[in-house]
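Peer 1: Quick one: this structure, given as structure tokens, is what I'll be asking you about.
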Amino acid sequence: MPSRRAFLALGSAIVTTPAWASLLPVDNRGYVYASAYSLNDKEHFFGLFDAQGSLLWKAQLPERAHAPVVHPSNAIVGIVARRPGFYLDFFDMASQQKISRLEPTKEHHFYGHALFTSDGKKLITQENHYPSGQGKTFIREWPSLKVLESYNSNGIGPHEAVFFNDEVLVIANGGQRTHPDNDRMVMNLETMQPNVTYMSLKDGGVINSFTHDDPNHHQLSIRHLDVNPDGLVALAFQYQGDIWEPVPLVALSHINNNKMEYLTIPEPIRIRFKQYCGSACFDASGKVLAISTPRGGLVAYWEVESKTFLGIKNCRDVCGLAPSDKAHEFILTSGTGHIIRHNPVNDDADLLQKHEEKHWDNHLVRIIT
């Protein structure tokens with residue numbers, strides 16, 4: 001069995017095929033970052049940029065997209081449509097062409113996220129069976145995309161999922177029932193029950209699952225996740241209640257614990273979040289956690305072991321987060337076209353690029369070439 005580090009979803013994937021290197025200048029090989037972006041309301045793209053923020057490749061998309069997915073051993077990248085998503089496009093970097101499109105099963109839609117298993121033989125997606133509202137986890141064979149298994153996600157609105165290890169999937173069941181006819185309307189606002197579920201990939205069984213202890217936090221939707229090398233899972237929330245309520249917005253969890261541990265945010269900063277977290281990301285060491293809020297225009301940071309709040313980086317409409325190759329350092333992308341490198345421990349920051357015409361979308365993935 002591979003080591004934990006081999007399959008932990010840290011927002012990056014190891015790729016060994018020469019096709020990745022062929023995208024990069026000879027003196028600039030090592031890392032590529034993937035994100036969707038838009039030029040306007042009608043022109044949407046999927047792009048790759050290098051460690052200096054220079055665009056290397058792009059492909060036009062039919063609609064706005066959400067999160068990339070990277071094959072662990074072949075130079076294949078995919079991009080998932082924004083919720084309610086009805087396409088997942090895959091591209092081969094050897095040819096730099098689209099090779100396939102996955103559409104969800106009838107009466108389902110994607111939630112914007114997907115992931116490959118560490119051996120690259122299976123693709124996992126979170127989906128909504130919108131007639132019933134039941135969250136589903138689909139496991140498909142790669143590259144045929146044939147459905148091998150379909151499990152209930154143990155909740156409603158499964159958004160992002162990450163691997164705890166090769167046999168366990170961690171799912172953020174956001175709790176919001178929606179229908180694609182009016183997807184921004186929450187149909188069960190008064191009865192929401194978000195949860196974090198640790199699911200066995202062998203049979204879909206629930207290993208552990210828990211929600212907020214306070215019943216008044218039932219509208220605190222659990223949306224985004226990341227996991228560090230110690231198996232600590234970061235949770236980022238989006239509150240569906242009143243804007244003025246002092247609810248927690250970030251927490252940590254572990255498969256062996258039965259509740260979440262909320263992280264403290266200084267109240268003036270918590271207010272700036274406007275009850276909305278966009279992405280969760282650990283640094284390369286797993287010791288520093290970053291949470292973005294595009295509505296608040298900032299990224300907030302914590303030292304994980306001591307649970308100490310480290311500070312913020314201001315950036316209007318920032319959402320995309322990925323670790324750089326250095327400990328404590330992150331790459332940030334924003335809807336204003338900024339690509340920023342930031343180390344919150346020493347507060348060292350650089351503006352790598354400002355693509356004024358590009359509006360980077362929600363999520364950023366690092367690819368090790």
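Every chain in the structure tokens has a letter given in the order shown (A, B, ...), and although residue numbers restart at 1 in each chain, ligands are simply numbered from 1 in the order shown.
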DSSP on the backbone, then: every residue of stretch 129-279 of chain A marked strand (DSSP E or B), written as an MDAnalysis selection string.

Peer 2: chainID A and resid 129 134:141 147:152 158:165 168:173 195:200 206:210 220:227 233:239 250:253 261:262 276 279

Peer 1: Residues near stretch 102-117 of chain A, anyone? I mean within 6 Å using only C-alpha atoms, not counting same-chain ones fewer than 6 positions away, as a ChimeraX atom specification.

Peer 2: /A:66-67,69,80-88,123-130,159-160

Peer 1: Dump N, CA and C atoms for the selected residues as a PDB file, in the first residue's frame?

Peer 2:
```
ATOM      1  N   HIS A  66     -15.787  24.984 -12.236  1.00  0.00           N
ATOM      2  CA  HIS A  66     -15.551  25.135 -10.797  1.00  0.00           C
ATOM      3  C   HIS A  66     -14.173  24.645 -10.378  1.00  0.00           C
ATOM      4  N   ALA A  67     -13.947  23.312 -10.385  1.00  0.00           N
ATOM      5  CA  ALA A  67     -12.700  22.773  -9.833  1.00  0.00           C
ATOM      6  C   ALA A  67     -12.020  21.819 -10.803  1.00  0.00           C
ATOM      7  N   VAL A  69      -9.528  18.571 -11.853  1.00  0.00           N
ATOM      8  CA  VAL A  69      -9.182  17.248 -11.351  1.00  0.00           C
ATOM      9  C   VAL A  69      -8.016  16.746 -12.193  1.00  0.00           C
ATOM     10  N   VAL A  80     -14.558  20.424 -13.876  1.00  0.00           N
ATOM     11  CA  VAL A  80     -15.955  20.119 -13.570  1.00  0.00           C
ATOM     12  C   VAL A  80     -16.793  21.383 -13.681  1.00  0.00           C
ATOM     13  N   ALA A  81     -17.927  21.272 -14.317  1.00  0.00           N
ATOM     14  CA  ALA A  81     -18.828  22.411 -14.459  1.00  0.00           C
ATOM     15  C   ALA A  81     -19.289  22.906 -13.094  1.00  0.00           C
ATOM     16  N   ARG A  82     -19.577  24.184 -13.037  1.00  0.00           N
ATOM     17  CA  ARG A  82     -20.081  24.800 -11.814  1.00  0.00           C
ATOM     18  C   ARG A  82     -21.479  24.260 -11.503  1.00  0.00           C
ATOM     19  N   ARG A  83     -21.741  24.057 -10.200  1.00  0.00           N
ATOM     20  CA  ARG A  83     -23.052  23.571  -9.763  1.00  0.00           C
ATOM     21  C   ARG A  83     -24.169  24.479 -10.263  1.00  0.00           C
ATOM     22  N   PRO A  84     -25.270  23.897 -10.811  1.00  0.00           N
ATOM     23  CA  PRO A  84     -25.490  22.472 -11.088  1.00  0.00           C
ATOM     24  C   PRO A  84     -24.764  22.068 -12.367  1.00  0.00           C
ATOM     25  N   GLY A  85     -23.782  21.191 -12.237  1.00  0.00           N
ATOM     26  CA  GLY A  85     -22.913  20.871 -13.353  1.00  0.00           C
ATOM     27  C   GLY A  85     -23.419  19.709 -14.181  1.00  0.00           C
ATOM     28  N   PHE A  86     -23.333  19.864 -15.506  1.00  0.00           N
ATOM     29  CA  PHE A  86     -23.775  18.802 -16.414  1.00  0.00           C
ATOM     30  C   PHE A  86     -22.668  18.374 -17.377  1.00  0.00           C
ATOM     31  N   TYR A  87     -21.421  18.772 -17.089  1.00  0.00           N
ATOM     32  CA  TYR A  87     -20.311  18.251 -17.883  1.00  0.00           C
ATOM     33  C   TYR A  87     -19.050  18.206 -17.033  1.00  0.00           C
ATOM     34  N   LEU A  88     -18.172  17.283 -17.403  1.00  0.00           N
ATOM     35  CA  LEU A  88     -16.821  17.180 -16.860  1.00  0.00           C
ATOM     36  C   LEU A  88     -15.930  16.864 -18.051  1.00  0.00           C
ATOM     37  N   LEU A 123     -12.525   7.156 -11.161  1.00  0.00           N
ATOM     38  CA  LEU A 123     -12.905   8.561 -10.996  1.00  0.00           C
ATOM     39  C   LEU A 123     -14.085   8.625 -10.045  1.00  0.00           C
ATOM     40  N   ILE A 124     -14.043   9.557  -9.092  1.00  0.00           N
ATOM     41  CA  ILE A 124     -15.106   9.698  -8.103  1.00  0.00           C
ATOM     42  C   ILE A 124     -15.733  11.079  -8.234  1.00  0.00           C
ATOM     43  N   THR A 125     -17.057  11.109  -8.284  1.00  0.00           N
ATOM     44  CA  THR A 125     -17.778  12.377  -8.356  1.00  0.00           C
ATOM     45  C   THR A 125     -18.858  12.425  -7.286  1.00  0.00           C
ATOM     46  N   GLN A 126     -19.138  13.653  -6.808  1.00  0.00           N
ATOM     47  CA  GLN A 126     -20.274  13.892  -5.919  1.00  0.00           C
ATOM     48  C   GLN A 126     -21.417  14.434  -6.775  1.00  0.00           C
ATOM     49  N   GLU A 127     -22.613  13.887  -6.575  1.00  0.00           N
ATOM     50  CA  GLU A 127     -23.741  14.271  -7.428  1.00  0.00           C
ATOM     51  C   GLU A 127     -25.032  14.403  -6.633  1.00  0.00           C
ATOM     52  N   ASN A 128     -25.951  15.128  -7.205  1.00  0.00           N
ATOM     53  CA  ASN A 128     -27.272  15.337  -6.624  1.00  0.00           C
ATOM     54  C   ASN A 128     -28.315  14.593  -7.454  1.00  0.00           C
ATOM     55  N   HIS A 129     -29.043  13.671  -6.814  1.00  0.00           N
ATOM     56  CA  HIS A 129     -30.226  13.094  -7.463  1.00  0.00           C
ATOM     57  C   HIS A 129     -31.371  14.046  -7.161  1.00  0.00           C
ATOM     58  N   TYR A 130     -31.589  14.987  -8.092  1.00  0.00           N
ATOM     59  CA  TYR A 130     -32.448  16.116  -7.744  1.00  0.00           C
ATOM     60  C   TYR A 130     -33.925  15.790  -7.568  1.00  0.00           C
ATOM     61  N   HIS A 159     -20.654  18.321  -1.545  1.00  0.00           N
ATOM     62  CA  HIS A 159     -19.929  19.259  -2.409  1.00  0.00           C
ATOM     63  C   HIS A 159     -18.516  18.745  -2.678  1.00  0.00           C
ATOM     64  N   GLU A 160     -17.564  19.063  -1.828  1.00  0.00           N
ATOM     65  CA  GLU A 160     -16.196  18.597  -2.052  1.00  0.00           C
ATOM     66  C   GLU A 160     -15.940  17.316  -1.265  1.00  0.00           C
TER      67      GLU A 160
END
```

Peer 1: What's around A:His355 at 12 Å? Count only C-alpha atoms, leave out sequence neighbours fewer than 6 positions away in its own chain, and write the answer as a PyMOL selection string.

Peer 2: chain A and resi 37-39+49+53-55+333-340

Peer 1: Please write the residues from the selection above to a file, keeping C-alpha atoms, as a CSV table (one decimal), in the first residue's frame.

Peer 2:
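Now in selection-v4.csv:
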```csv
chain,number,residue,atom,x,y,z
A,37,TYR,CA,-11.5,31.4,-15.6
A,38,SER,CA,-13.8,33.6,-17.5
A,39,LEU,CA,-13.3,36.7,-19.7
A,49,PHE,CA,-0.1,28.7,-15.7
A,53,GLY,CA,1.9,33.1,-13.3
A,54,SER,CA,2.4,33.0,-17.0
A,55,LEU,CA,-0.4,31.3,-19.0
A,333,THR,CA,-5.9,33.6,-7.5
A,334,SER,CA,-8.7,36.1,-7.7
A,335,GLY,CA,-11.6,37.2,-9.8
A,336,THR,CA,-9.7,40.4,-10.6
A,337,GLY,CA,-7.0,38.4,-12.4
A,338,HIS,CA,-4.4,38.5,-9.6
A,339,ILE,CA,-2.0,35.6,-9.0
A,340,ILE,CA,-0.2,36.1,-5.7
```

Peer 1: Pick the closest to A:Trp142 from A:Asn165, A:Asn74, A:Gln96, A:Asn173: which is it, counting only C-alpha atoms?

Peer 2: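 Once distances to A:Trp142 are computed over only C-alpha atoms, the minimum belongs to A:Asn74.
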
Peer 1: So that I can see what lies close to A:Phe330, please list as a PDB file with C-alpha atoms, in the first residue's frame the residues with an atom at most 7 Å from it, counting only C-alpha atoms and leaving out residues fewer than 5 positions away in the same chain.

Peer 2:
```
ATOM      1  CA  ASP A 283       0.500  24.296   2.827  1.00  0.00           C
ATOM      2  CA  LEU A 321      -5.744  28.496  -3.135  1.00  0.00           C
ATOM      3  CA  ALA A 322      -2.940  25.993  -3.713  1.00  0.00           C
ATOM      4  CA  PRO A 323       0.284  25.182  -1.869  1.00  0.00           C
ATOM      5  CA  SER A 324       3.573  26.189  -3.446  1.00  0.00           C
ATOM      6  CA  ARG A 341       2.437  34.190  -3.786  1.00  0.00           C
ATOM      7  CA  HIS A 342       2.111  34.618  -0.002  1.00  0.00           C
ATOM      8  CA  ASN A 343       3.834  33.235   3.097  1.00  0.00           C
TER       9      ASN A 343
END
```

Peer 1: Using only C-alpha atoms, what table do you get, as CSV, when you list each residue of stretch 181-239 of chain A with an atom no more than 10 Å from stretch 302-313 of chain A, its nearest pair of atoms, and their distance in Å rounded to one decimal, rows by chain then rising number?

Peer 2:
```
residue,atom,partner,partner_atom,distance
A:Asn228,CA,A:Val304,CA,9.9
A:Leu232,CA,A:Val304,CA,9.1
A:Ala234,CA,A:Val304,CA,9.5
```

Peer 1: I need the residues from that last selection saved to file as a PDB file, in the first residue's frame (with all heavy atoms), if you can.

Peer 2:
```
ATOM      1  N   ASN A 228      -4.352  17.092   5.714  1.00  0.00           N
ATOM      2  CA  ASN A 228      -2.898  17.189   5.787  1.00  0.00           C
ATOM      3  C   ASN A 228      -2.271  15.810   5.995  1.00  0.00           C
ATOM      4  O   ASN A 228      -2.991  14.812   6.141  1.00  0.00           O
ATOM      5  CB  ASN A 228      -2.482  18.213   6.861  1.00  0.00           C
ATOM      6  CG  ASN A 228      -2.617  17.687   8.283  1.00  0.00           C
ATOM      7  OD1 ASN A 228      -3.047  16.556   8.525  1.00  0.00           O
ATOM      8  ND2 ASN A 228      -2.260  18.524   9.245  1.00  0.00           N
ATOM      9  N   LEU A 232      -5.498  15.194   9.406  1.00  0.00           N
ATOM     10  CA  LEU A 232      -6.358  16.239   9.946  1.00  0.00           C
ATOM     11  C   LEU A 232      -7.104  16.896   8.788  1.00  0.00           C
ATOM     12  O   LEU A 232      -6.494  17.309   7.801  1.00  0.00           O
ATOM     13  CB  LEU A 232      -5.514  17.268  10.690  1.00  0.00           C
ATOM     14  CG  LEU A 232      -6.229  18.212  11.653  1.00  0.00           C
ATOM     15  CD1 LEU A 232      -6.866  17.429  12.798  1.00  0.00           C
ATOM     16  CD2 LEU A 232      -5.244  19.249  12.188  1.00  0.00           C
ATOM     17  N   ALA A 234      -9.468  19.863   7.314  1.00  0.00           N
ATOM     18  CA  ALA A 234      -9.955  21.233   7.479  1.00  0.00           C
ATOM     19  C   ALA A 234     -11.330  21.359   6.844  1.00  0.00           C
ATOM     20  O   ALA A 234     -11.581  20.822   5.759  1.00  0.00           O
ATOM     21  CB  ALA A 234      -8.992  22.219   6.834  1.00  0.00           C
TER      22      ALA A 234
END
```

Peer 1: Counting only C-alpha atoms, which residues in stretch 208-234 of chain A sit no more than 10 Å from stretch 181-198 of chain A? For each one, give the nearest pair of atoms and the distance in Å, sorted by chain then residue number, as a Markdown table.

Peer 2:
```
| residue | atom | partner | partner_atom | distance |
| --- | --- | --- | --- | --- |
| A:Asn208 | CA | A:Tyr198 | CA | 5.2 |
| A:Ser209 | CA | A:Thr197 | CA | 4.3 |
| A:Phe210 | CA | A:Asn195 | CA | 5.5 |
| A:Thr211 | CA | A:Asn195 | CA | 4.4 |
| A:His212 | CA | A:Asn195 | CA | 7.5 |
| A:Pro215 | CA | A:Gln193 | CA | 9.2 |
| A:His217 | CA | A:Gln193 | CA | 9.0 |
| A:His218 | CA | A:Gln193 | CA | 5.5 |
| A:Gln219 | CA | A:Met192 | CA | 5.8 |
| A:Leu220 | CA | A:Pro194 | CA | 7.2 |
| A:Ser221 | CA | A:Pro194 | CA | 5.6 |
| A:Ile222 | CA | A:Pro194 | CA | 6.1 |
| A:Arg223 | CA | A:Pro194 | CA | 9.0 |
| A:Leu225 | CA | A:Val196 | CA | 9.6 |
| A:Val233 | CA | A:Val196 | CA | 9.9 |
```

Peer 1: For A:Ile139, work out the shell of residues within 9 Å, counting only C-alpha atoms and skipping chain neighbours fewer than 5 positions away, then give it as a PyMOL selection string.

Peer 2: chain A and resi 122-125+145-151+201

Peer 1: Output N, CA, C and O atoms for every residue in that selection, as a compact mmCIF listing (two decimals), in the first residue's frame.

Peer 2:
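The resulting file, out37.txt, is shown below:
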```
# COMPACT_ATOMS: atom_id res chain seq x y z
N LYS A 122 -9.81 4.84 -11.23
CA LYS A 122 -11.19 5.18 -10.95
C LYS A 122 -11.35 6.69 -10.79
O LYS A 122 -10.43 7.37 -10.33
N LEU A 123 -12.52 7.16 -11.16
CA LEU A 123 -12.90 8.56 -11.00
C LEU A 123 -14.08 8.63 -10.05
O LEU A 123 -15.04 7.84 -10.18
N ILE A 124 -14.04 9.56 -9.09
CA ILE A 124 -15.11 9.70 -8.10
C ILE A 124 -15.73 11.08 -8.23
O ILE A 124 -15.03 12.09 -8.29
N THR A 125 -17.06 11.11 -8.28
CA THR A 125 -17.78 12.38 -8.36
C THR A 125 -18.86 12.43 -7.29
O THR A 125 -19.42 11.40 -6.90
N LEU A 145 -15.14 5.37 -18.16
CA LEU A 145 -16.14 6.15 -17.43
C LEU A 145 -17.41 5.36 -17.14
O LEU A 145 -18.45 5.92 -16.82
N LYS A 146 -17.32 4.06 -17.23
CA LYS A 146 -18.42 3.17 -16.85
C LYS A 146 -18.64 3.24 -15.35
O LYS A 146 -17.70 3.19 -14.56
N VAL A 147 -19.91 3.34 -14.92
CA VAL A 147 -20.24 3.39 -13.50
C VAL A 147 -19.99 2.02 -12.87
O VAL A 147 -20.56 1.01 -13.30
N LEU A 148 -19.13 1.99 -11.85
CA LEU A 148 -18.84 0.76 -11.12
C LEU A 148 -19.68 0.65 -9.86
O LEU A 148 -20.17 -0.44 -9.52
N GLU A 149 -19.83 1.76 -9.15
CA GLU A 149 -20.59 1.78 -7.92
C GLU A 149 -21.28 3.13 -7.77
O GLU A 149 -20.80 4.15 -8.28
N SER A 150 -22.41 3.13 -7.05
CA SER A 150 -23.09 4.36 -6.69
C SER A 150 -23.55 4.22 -5.24
O SER A 150 -24.33 3.33 -4.92
N TYR A 151 -23.04 5.11 -4.39
CA TYR A 151 -23.37 5.06 -2.97
C TYR A 151 -24.10 6.33 -2.54
O TYR A 151 -23.84 7.41 -3.09
N LEU A 201 -14.68 3.19 0.84
CA LEU A 201 -14.79 3.02 -0.60
C LEU A 201 -14.95 1.56 -0.99
O LEU A 201 -15.21 1.25 -2.16
```

Peer 1: May I ask for the distance between atom CA of A:Ile76 and atom CA of A:Ala34, given in Å to one decimal place?

Peer 2: 11.5 Å

Peer 1: Would you compute the distance between atom CA of A:Ala251 and atom CA of A:Leu235? Give it in Å to one decimal.

Peer 2: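 These atoms are spaced 5.1 Å apart.
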
Peer 1: Just how far from atom CA of A:Gly47 is atom CA of A:Gln60, in Å to one decimal?

Peer 2: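 Separation between atom CA of A:Gln60 and atom CA of A:Gly47: 8.8 Å.
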
Peer 1: So which residues touch A:Gly320 within 6 Å, counting only C-alpha atoms, skipping near sequence neighbours fewer than 6 positions away, as an MDAnalysis selection string?

Peer 2: chainID A and resid 332:333 362:364
